[in-house]
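Structure first, then comments.
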Amino acid sequence: MLGVEQVGARGRSGTDRSVVQVQDKVQVAEGVVTLTLAAPDGGRLPDWAPGAHVDLTLESGLTRQYSLCGDRWDAHTYRVGVLLEPASRGGSRYVHEQLAPGHVLGLGGPRNDFPLVPAESYLFVAGGIGITPILPMLAQADLLGADWRLLYGGRTRGSMAFLDELSVHGDRVQVRPQDEHGLLDLAGFLGDPRPGTPVYACGPGPLLTAMERACAGWPARALRTERFVAAEQAAPVRTTAFDVELHRSGRTVTVTPDTSVLEALSAAGVEVLSSCRQGTCGTCETTVLAGRPDHRDSLLDDDERAAGDCMYPCVSRSCSDRLVLDL
Amino acid sequence: MTLTPDLATDVPVDDTDPFGHEHLEDPLPFHHALREAGPVVYLSRYDVHAVGRYEQVHAALVDWQRFQSAAGVGLSNFRTEEPWRPPSLLLEADPPRHDAPRRVLTSVLGQRALRTLRERWTADAEQLVDQVLAAGTEFDAVPALSEAFPLRVFPDAVGIGHDGRENLLPYGDHAFNAFGPPNDLVQKGEHRVAQLSGWVGEQCAREALTDDGFGAAIWAAADRGEITPQQAPLVVRSLLTAGVDTTVHAISAILYAFATHPDQWARLVADPSLARVAFDEAIRWESPVQTFFRTTTTDVRIGDAVVPEGRKVLMFLAAANRDPRRWADPDRYDLGRDPSGHVGFGMGLHQCVGQHVARLEAEAVLTALARRVRTIELAGPTRRHHNNTLRAWESLPVRLTVD
Ligand code: HEM
Ligand code: FES
């Protein structure tokens, strides 16, 4: 029934929003699994647009970023693709070997540093698992009636995910496994610079470096890239309780793992105005005076996060034992 | 139109005209009846479904997949009817087209971007309050404060020229009337639409804007390719349409709330840090934006009823904001309440992108008033201003005492 699902949990409480449950795990290529994630209560997940990623916090406290590669018209599940990295220090190996349906992961975001800008035509280049953010962009370009082509490279055909889904696009998509075709012919694919045609590329560092060179003659900002590295946070995020000190009143409130900062404050009689409780609207912005926030909102960019001077307590938490807020 | 048997049996039918003058004057009895009738009601007068309970209004607001905006957020269905102006790239758009303009405005109007305005607006508000009080302590608060402050700071913040600013309120008033049925309120604005739209359109051009306002920031986003140069003027237009009348009526709402709840004013004077809560509580209590429509993209079950695909659904934000199922003692204006979660700014993908601007304006005015004014009371009969979408005051005579 319309309503119950959203309002029961999401309208009033922020806590179960910051976790997702693994619903399904499927091997889709050699070394690649996709995870289907859902809210434990089955409610809506926060909205996203192509190019967005989420931060998933694994049991060990390790946080990894994964691009969303599902269908945004499905408000109830996210899909991410995870490559088993040989040099993995626990993140992708854990996902591949141990993570199973039913497991619960911490959620941050979605955030979007790689948005699709409006245009009448696009060129897409993906290397390996870099296909994940590109995949929903293709659907979006179709919806916008834009003209587009994709060049998709990988080690071997068997290692390249989503080939079946891509096949519906016919010859807009060029699949070029390295063992069959050698290195990607970027210059041939790009052709002459075309103003008004953004070039989106996602993949390993060497591919992006090659793209920068190949796009040297293109207008400034034509090339938009996302480096596919599982950016690791400096330290694992905290999964235990922490203290929030309220600077103006001098009081201290303990936040346990099962409540949000906002809820803990409210339970202690300290009201902070909020609205979305999803880290998207910005209403609950609070100044941080000391301590290191664990940002889980969709609003702050990397520089603002690094500055660490404000946070959204409806979803964000703490990395340090103690946070001092200007409340 | 004849009702399908399904509709006739499952959905309560109501033939009230919620846009009639009687209900615009006092919408509360109808909102009550609507909530009590059920989770969804069929309004036979306009052949639309309506929701008035918090749960269903909230759910429809966040569910952009099944309740679309691109067919118009007024009664008119853009699938079959010609819009009166080129549709808004934000309000009247769905993903994916909504994405890029929304992203740009989220950043241009974000709390962090507004930090530089805070000091200036606080000083502006103090100056205005000093001016008004110097002229006397009994006056009509609508022109003196509610209209004066937003008109003083907002057009400058957007960066439009000084000539013709008197067009802003009539343009916004017409735009918000136009979301309703084509009644006398719409007709009274029609003879000026071409002139007003023409003026507003001229203000949105790059050359017409100063180089340091929201307007310039929108054009800079176009230069970076984040929106197209064709989209930029329409994104500027959305600020001029949605950003003036709304805040004017919101400030009136809060002044009326305090004039009729003297104990709450005393509370604010004692603790001016309550200004933010006071404003959002006024938005909940009075809901300056009362209603918006959506259009179903599929058959949607609401309660025991199914609303078929392609139907207009009228969401009563104002009724949801006073739903006793969600709010204790909802008719009380109470600074002790946590108004968080009200839907006066909407919710979800289309939630008011200007809400931080509105809050900053209100906070500036309230803080300036709380510094000097000890009591506020009504000094004569008040008069409502009728609009198909907005809850507004034409006149609010007040008497203040100052230190
Ligand atoms: C207290 C004052 C205000 C109120 C009550 C208000 C209310 C609303 C509501 C209810 C919506 C949601 C519409 C929907 O869901 O279809 C909305 C959207 C919007 N508002 Fe406001 N508003 C206010 C002030 C402002 C200001 C100051 C600005 C500009 C600076 C602004 C710009 C917008 C825009 C552009 C949208 C469309 C957003 C979108 O569709 O993504 N509003 N507003
Ligand atoms: S309440 Fe919206 S960001 Fe926290």
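In the structure tokens, each chain is lettered A, B, ... as it comes, each chain's residues begin at 1, and ligands are numbered from 1 in order of appearance.
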
Mind the document's chain letters and residue numbers, and return as a PDB file with N, CA, C and O atoms, in the first residue's frame the residues of region 141-230 of chain A that DSSP labels strand (DSSP E or B).
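Result file follows (part.pdb):
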```pdb
ATOM      1  N   ASP A 147      22.354  10.828 -29.221  1.00  0.00           N
ATOM      2  CA  ASP A 147      23.134   9.930 -30.048  1.00  0.00           C
ATOM      3  C   ASP A 147      24.356   9.519 -29.224  1.00  0.00           C
ATOM      4  O   ASP A 147      24.967  10.383 -28.588  1.00  0.00           O
ATOM      5  N   TRP A 148      24.732   8.258 -29.200  1.00  0.00           N
ATOM      6  CA  TRP A 148      25.895   7.882 -28.393  1.00  0.00           C
ATOM      7  C   TRP A 148      26.561   6.630 -28.930  1.00  0.00           C
ATOM      8  O   TRP A 148      25.928   5.842 -29.652  1.00  0.00           O
ATOM      9  N   ARG A 149      27.837   6.472 -28.570  1.00  0.00           N
ATOM     10  CA  ARG A 149      28.550   5.231 -28.855  1.00  0.00           C
ATOM     11  C   ARG A 149      29.418   4.875 -27.656  1.00  0.00           C
ATOM     12  O   ARG A 149      29.865   5.748 -26.934  1.00  0.00           O
ATOM     13  N   LEU A 150      29.635   3.585 -27.478  1.00  0.00           N
ATOM     14  CA  LEU A 150      30.464   3.100 -26.359  1.00  0.00           C
ATOM     15  C   LEU A 150      31.587   2.224 -26.900  1.00  0.00           C
ATOM     16  O   LEU A 150      31.344   1.320 -27.707  1.00  0.00           O
ATOM     17  N   LEU A 151      32.784   2.488 -26.391  1.00  0.00           N
ATOM     18  CA  LEU A 151      33.923   1.608 -26.630  1.00  0.00           C
ATOM     19  C   LEU A 151      34.255   0.936 -25.298  1.00  0.00           C
ATOM     20  O   LEU A 151      34.529   1.614 -24.312  1.00  0.00           O
ATOM     21  N   TYR A 152      34.197  -0.386 -25.274  1.00  0.00           N
ATOM     22  CA  TYR A 152      34.332  -1.116 -24.013  1.00  0.00           C
ATOM     23  C   TYR A 152      35.476  -2.111 -24.144  1.00  0.00           C
ATOM     24  O   TYR A 152      35.421  -3.023 -24.970  1.00  0.00           O
ATOM     25  N   GLY A 153      36.525  -1.884 -23.334  1.00  0.00           N
ATOM     26  CA  GLY A 153      37.674  -2.780 -23.370  1.00  0.00           C
ATOM     27  C   GLY A 153      37.785  -3.609 -22.105  1.00  0.00           C
ATOM     28  O   GLY A 153      37.200  -3.274 -21.069  1.00  0.00           O
ATOM     29  N   GLY A 154      38.553  -4.714 -22.208  1.00  0.00           N
ATOM     30  CA  GLY A 154      38.783  -5.558 -21.033  1.00  0.00           C
ATOM     31  C   GLY A 154      39.880  -6.543 -21.377  1.00  0.00           C
ATOM     32  O   GLY A 154      40.342  -6.580 -22.527  1.00  0.00           O
ATOM     33  N   VAL A 173      27.576  -0.164 -29.551  1.00  0.00           N
ATOM     34  CA  VAL A 173      28.549  -0.649 -28.576  1.00  0.00           C
ATOM     35  C   VAL A 173      29.635  -1.456 -29.284  1.00  0.00           C
ATOM     36  O   VAL A 173      29.339  -2.394 -30.010  1.00  0.00           O
ATOM     37  N   GLN A 174      30.909  -1.051 -29.060  1.00  0.00           N
ATOM     38  CA  GLN A 174      32.019  -1.838 -29.587  1.00  0.00           C
ATOM     39  C   GLN A 174      32.704  -2.538 -28.417  1.00  0.00           C
ATOM     40  O   GLN A 174      33.243  -1.883 -27.545  1.00  0.00           O
ATOM     41  N   VAL A 175      32.651  -3.866 -28.419  1.00  0.00           N
ATOM     42  CA  VAL A 175      33.288  -4.644 -27.359  1.00  0.00           C
ATOM     43  C   VAL A 175      34.663  -5.073 -27.858  1.00  0.00           C
ATOM     44  O   VAL A 175      34.773  -5.711 -28.911  1.00  0.00           O
ATOM     45  N   ARG A 176      35.721  -4.692 -27.141  1.00  0.00           N
ATOM     46  CA  ARG A 176      37.081  -4.923 -27.637  1.00  0.00           C
ATOM     47  C   ARG A 176      37.987  -5.552 -26.584  1.00  0.00           C
ATOM     48  O   ARG A 176      38.839  -4.898 -25.988  1.00  0.00           O
ATOM     49  N   PRO A 177      37.833  -6.886 -26.342  1.00  0.00           N
ATOM     50  CA  PRO A 177      38.744  -7.548 -25.401  1.00  0.00           C
ATOM     51  C   PRO A 177      40.183  -7.488 -25.930  1.00  0.00           C
ATOM     52  O   PRO A 177      40.408  -7.636 -27.137  1.00  0.00           O
ATOM     53  N   VAL A 199      32.812  13.478 -23.660  1.00  0.00           N
ATOM     54  CA  VAL A 199      33.418  12.147 -23.704  1.00  0.00           C
ATOM     55  C   VAL A 199      33.542  11.651 -22.275  1.00  0.00           C
ATOM     56  O   VAL A 199      34.217  12.275 -21.450  1.00  0.00           O
ATOM     57  N   TYR A 200      32.849  10.583 -21.938  1.00  0.00           N
ATOM     58  CA  TYR A 200      32.885  10.026 -20.586  1.00  0.00           C
ATOM     59  C   TYR A 200      33.768   8.796 -20.572  1.00  0.00           C
ATOM     60  O   TYR A 200      33.586   7.898 -21.407  1.00  0.00           O
ATOM     61  N   ALA A 201      34.725   8.758 -19.635  1.00  0.00           N
ATOM     62  CA  ALA A 201      35.603   7.596 -19.569  1.00  0.00           C
ATOM     63  C   ALA A 201      35.759   7.142 -18.137  1.00  0.00           C
ATOM     64  O   ALA A 201      35.930   7.946 -17.226  1.00  0.00           O
ATOM     65  N   CYS A 202      35.700   5.839 -17.933  1.00  0.00           N
ATOM     66  CA  CYS A 202      35.931   5.279 -16.610  1.00  0.00           C
ATOM     67  C   CYS A 202      36.693   3.977 -16.757  1.00  0.00           C
ATOM     68  O   CYS A 202      36.342   3.138 -17.594  1.00  0.00           O
ATOM     69  N   GLY A 203      37.736   3.842 -15.968  1.00  0.00           N
ATOM     70  CA  GLY A 203      38.530   2.623 -16.053  1.00  0.00           C
ATOM     71  C   GLY A 203      39.812   2.792 -15.276  1.00  0.00           C
ATOM     72  O   GLY A 203      39.957   3.743 -14.504  1.00  0.00           O
ATOM     73  N   LEU A 223      36.285  16.077 -21.941  1.00  0.00           N
ATOM     74  CA  LEU A 223      36.548  14.773 -21.334  1.00  0.00           C
ATOM     75  C   LEU A 223      36.168  14.782 -19.858  1.00  0.00           C
ATOM     76  O   LEU A 223      36.612  15.631 -19.096  1.00  0.00           O
ATOM     77  N   ARG A 224      35.321  13.854 -19.488  1.00  0.00           N
ATOM     78  CA  ARG A 224      34.918  13.716 -18.077  1.00  0.00           C
ATOM     79  C   ARG A 224      35.239  12.302 -17.638  1.00  0.00           C
ATOM     80  O   ARG A 224      34.765  11.349 -18.250  1.00  0.00           O
ATOM     81  N   THR A 225      36.047  12.207 -16.586  1.00  0.00           N
ATOM     82  CA  THR A 225      36.528  10.880 -16.210  1.00  0.00           C
ATOM     83  C   THR A 225      36.236  10.561 -14.755  1.00  0.00           C
ATOM     84  O   THR A 225      36.066  11.441 -13.926  1.00  0.00           O
ATOM     85  N   GLU A 226      36.165   9.271 -14.463  1.00  0.00           N
ATOM     86  CA  GLU A 226      36.181   8.836 -13.083  1.00  0.00           C
ATOM     87  C   GLU A 226      37.198   7.709 -13.001  1.00  0.00           C
ATOM     88  O   GLU A 226      37.120   6.730 -13.726  1.00  0.00           O
ATOM     89  N   ARG A 227      38.168   7.915 -12.118  1.00  0.00           N
ATOM     90  CA  ARG A 227      39.231   6.937 -11.961  1.00  0.00           C
ATOM     91  C   ARG A 227      38.677   5.788 -11.162  1.00  0.00           C
ATOM     92  O   ARG A 227      38.108   6.002 -10.096  1.00  0.00           O
TER      93      ARG A 227
END
```

Note to self: Could you list, as a VMD selection string, all protein and nucleic acid residues with an atom at most 7 Å from ligand 2, counting only C-alpha atoms and all ligand atoms?
What the structure shows: chain A and resid 274 to 285 297 312 to 315

How would the residues just chosen look if you wrote them out with all heavy atoms as a CSV table (one decimal), in the first residue's frame?
```
chain,number,residue,atom,x,y,z
A,274,SER,N,15.4,19.1,11.1
A,274,SER,CA,15.8,18.2,10.0
A,274,SER,C,14.6,18.1,9.1
A,274,SER,O,13.5,18.6,9.4
A,274,SER,CB,16.1,16.8,10.6
A,274,SER,OG,15.0,16.2,11.1
A,275,SER,N,14.8,17.4,7.9
A,275,SER,CA,13.7,17.3,7.0
A,275,SER,C,13.8,15.9,6.3
A,275,SER,O,13.0,15.0,6.6
A,275,SER,CB,13.7,18.4,6.0
A,275,SER,OG,12.6,18.2,5.1
A,276,CYS,N,14.7,15.7,5.4
A,276,CYS,CA,14.8,14.5,4.6
A,276,CYS,C,15.2,13.3,5.4
A,276,CYS,O,14.8,12.2,5.1
A,276,CYS,CB,15.7,14.7,3.4
A,276,CYS,SG,17.4,14.8,3.8
A,277,ARG,N,16.1,13.5,6.3
A,277,ARG,CA,16.8,12.4,7.1
A,277,ARG,C,17.4,11.4,6.2
A,277,ARG,O,17.5,10.2,6.5
A,277,ARG,CB,15.8,11.8,8.1
A,277,ARG,CG,15.1,12.8,9.0
A,277,ARG,CD,14.7,12.3,10.3
A,277,ARG,NE,14.1,13.4,11.0
A,277,ARG,CZ,13.5,13.3,12.2
A,277,ARG,NH1,13.4,12.1,12.8
A,277,ARG,NH2,13.0,14.4,12.8
A,278,GLN,N,17.9,11.9,5.1
A,278,GLN,CA,18.6,11.0,4.2
A,278,GLN,C,20.0,11.6,3.8
A,278,GLN,O,20.6,11.1,2.9
A,278,GLN,CB,17.8,10.8,2.9
A,278,GLN,CG,16.6,10.0,3.1
A,278,GLN,CD,16.1,9.6,1.7
A,278,GLN,OE1,16.2,10.3,0.7
A,278,GLN,NE2,15.5,8.4,1.6
A,279,GLY,N,20.3,12.8,4.4
A,279,GLY,CA,21.6,13.4,3.9
A,279,GLY,C,21.5,14.1,2.6
A,279,GLY,O,22.5,14.2,1.9
A,280,THR,N,20.3,14.4,2.1
A,280,THR,CA,20.2,15.0,0.8
A,280,THR,C,19.7,16.5,0.8
A,280,THR,O,20.0,17.3,-0.1
A,280,THR,CB,19.2,14.3,-0.1
A,280,THR,OG1,17.9,14.2,0.6
A,280,THR,CG2,19.7,12.9,-0.4
A,281,CYS,N,18.9,16.9,1.9
A,281,CYS,CA,18.3,18.3,1.8
A,281,CYS,C,19.2,19.4,2.4
A,281,CYS,O,19.1,20.5,2.1
A,281,CYS,CB,16.9,18.3,2.4
A,281,CYS,SG,16.9,18.2,4.2
A,282,GLY,N,20.1,19.0,3.4
A,282,GLY,CA,20.9,20.0,4.0
A,282,GLY,C,20.4,20.7,5.2
A,282,GLY,O,21.1,21.5,5.8
A,283,THR,N,19.1,20.4,5.5
A,283,THR,CA,18.5,21.2,6.6
A,283,THR,C,19.2,21.0,8.0
A,283,THR,O,19.3,21.9,8.8
A,283,THR,CB,17.0,20.7,6.8
A,283,THR,OG1,16.3,20.9,5.5
A,283,THR,CG2,16.3,21.4,7.9
A,284,CYS,N,19.7,19.8,8.3
A,284,CYS,CA,20.3,19.6,9.6
A,284,CYS,C,21.7,19.9,9.7
A,284,CYS,O,22.4,19.6,10.7
A,284,CYS,CB,20.1,18.1,10.0
A,284,CYS,SG,21.1,17.0,8.9
A,285,GLU,N,22.3,20.7,8.8
A,285,GLU,CA,23.7,21.0,8.8
A,285,GLU,C,24.1,21.6,10.2
A,285,GLU,O,23.5,22.5,10.7
A,285,GLU,CB,24.0,22.1,7.7
A,285,GLU,CG,25.5,22.3,7.6
A,285,GLU,CD,25.9,23.3,6.5
A,285,GLU,OE1,25.7,23.0,5.4
A,285,GLU,OE2,26.3,24.5,6.9
A,297,ASP,N,26.6,11.7,3.9
A,297,ASP,CA,25.6,12.5,3.2
A,297,ASP,C,25.8,12.4,1.7
A,297,ASP,O,26.8,11.9,1.3
A,297,ASP,CB,25.6,13.9,3.7
A,297,ASP,CG,27.0,14.5,3.4
A,297,ASP,OD1,27.2,15.0,2.3
A,297,ASP,OD2,27.9,14.4,4.3
A,312,TYR,N,26.1,16.4,8.6
A,312,TYR,CA,24.7,16.3,8.6
A,312,TYR,C,24.4,15.1,9.5
A,312,TYR,O,24.5,13.9,9.1
A,312,TYR,CB,24.3,16.0,7.1
A,312,TYR,CG,24.6,17.2,6.2
A,312,TYR,CD1,25.8,17.2,5.5
A,312,TYR,CD2,23.8,18.3,6.2
A,312,TYR,CE1,26.2,18.3,4.8
A,312,TYR,CE2,24.2,19.4,5.5
A,312,TYR,CZ,25.3,19.4,4.8
A,312,TYR,OH,25.7,20.5,4.0
A,313,PRO,N,24.0,15.4,10.7
A,313,PRO,CA,23.8,14.4,11.8
A,313,PRO,C,22.6,13.4,11.5
A,313,PRO,O,22.5,12.4,12.2
A,313,PRO,CB,23.6,15.2,13.1
A,313,PRO,CG,23.1,16.5,12.6
A,313,PRO,CD,23.7,16.8,11.3
A,314,CYS,N,21.8,13.7,10.5
A,314,CYS,CA,20.7,12.7,10.2
A,314,CYS,C,21.3,11.4,9.7
A,314,CYS,O,20.7,10.3,9.9
A,314,CYS,CB,19.7,13.2,9.2
A,314,CYS,SG,20.4,13.7,7.6
A,315,VAL,N,22.5,11.4,9.1
A,315,VAL,CA,23.1,10.2,8.6
A,315,VAL,C,24.6,10.1,9.0
A,315,VAL,O,25.1,8.9,9.1
A,315,VAL,CB,23.0,10.1,7.0
A,315,VAL,CG1,21.6,9.9,6.6
A,315,VAL,CG2,23.6,11.3,6.3
```

Next item on the list: Please identify all polymer residues within 7 Å of region 96-100 of chain B, counting only C-alpha atoms, omitting same-chain residues fewer than 2 positions from it, and present them as a count of residues only.
Entry: 12

Near Glu82 (chain B), within 12 Å and counting only C-alpha atoms, which residues show up once chain neighbours fewer than 6 positions away are dropped, as a PDB file with N, CA, C and O atoms, in the first residue's frame?
```pdb
ATOM      1  N   ALA B  71       4.036  16.096 -16.330  1.00  0.00           N
ATOM      2  CA  ALA B  71       2.729  16.379 -16.924  1.00  0.00           C
ATOM      3  C   ALA B  71       2.080  17.574 -16.241  1.00  0.00           C
ATOM      4  O   ALA B  71       0.878  17.818 -16.358  1.00  0.00           O
ATOM      5  N   GLY B  72       2.901  18.335 -15.499  1.00  0.00           N
ATOM      6  CA  GLY B  72       2.408  19.542 -14.828  1.00  0.00           C
ATOM      7  C   GLY B  72       2.094  19.274 -13.376  1.00  0.00           C
ATOM      8  O   GLY B  72       1.609  18.194 -13.036  1.00  0.00           O
ATOM      9  N   SER B  76      -3.904  21.324 -14.875  1.00  0.00           N
ATOM     10  CA  SER B  76      -3.749  21.116 -16.311  1.00  0.00           C
ATOM     11  C   SER B  76      -2.814  19.936 -16.586  1.00  0.00           C
ATOM     12  O   SER B  76      -1.761  19.812 -15.973  1.00  0.00           O
TER      13      SER B  76
END
```

Item checked: Nearest to chain A by atom-to-atom distance, counting only C-alpha atoms, from B:Glu81, B:Glu126, B:Asp323, B:Asp63 ->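 Looking at the shortest contact to chain A, the residue is B:Asp63.
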
Next item on the list: Give the residues close to ligand 1, within 8 Å, counting only C-alpha atoms and all ligand atoms; write them as a PyMOL selection string.
Entry: chain B and resi 61+69+73+89-93+98+102+105+109+154+235+238-251+283+287-294+317+343-359

Margin query: To test your reading of the structure, identify every residue in region 112-273 of chain A that backbone DSSP assigns to helix (DSSP H, G or I), and report it as a count of residues only.
Written below: 55

Note to self: Could you tell me which residues of chain A sit within 10 Å of chain B when counting only C-alpha atoms, and give me the result as JSON, numbers by chain?
What the structure shows: {"A": [1, 2, 3, 4, 5, 6, 7, 8, 11, 12, 44, 46, 47, 48, 49, 50, 72, 73, 74, 75, 112, 115, 116, 117, 118, 119, 139, 140, 141, 143, 144, 196, 198, 220, 221, 222, 266, 271, 272, 273, 274, 275, 276, 277, 278, 280, 281, 282, 283, 284, 285, 299, 300, 304, 310]}

Next item on the list: Could you tell me which of A:Val125, A:Leu289, A:Gly158, A:Val270 comes closest to Ala214 (chain A) if we count only C-alpha atoms?
Entry: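 Of the candidates, the smallest distance to Ala214 (chain A) is held by A:Val125.
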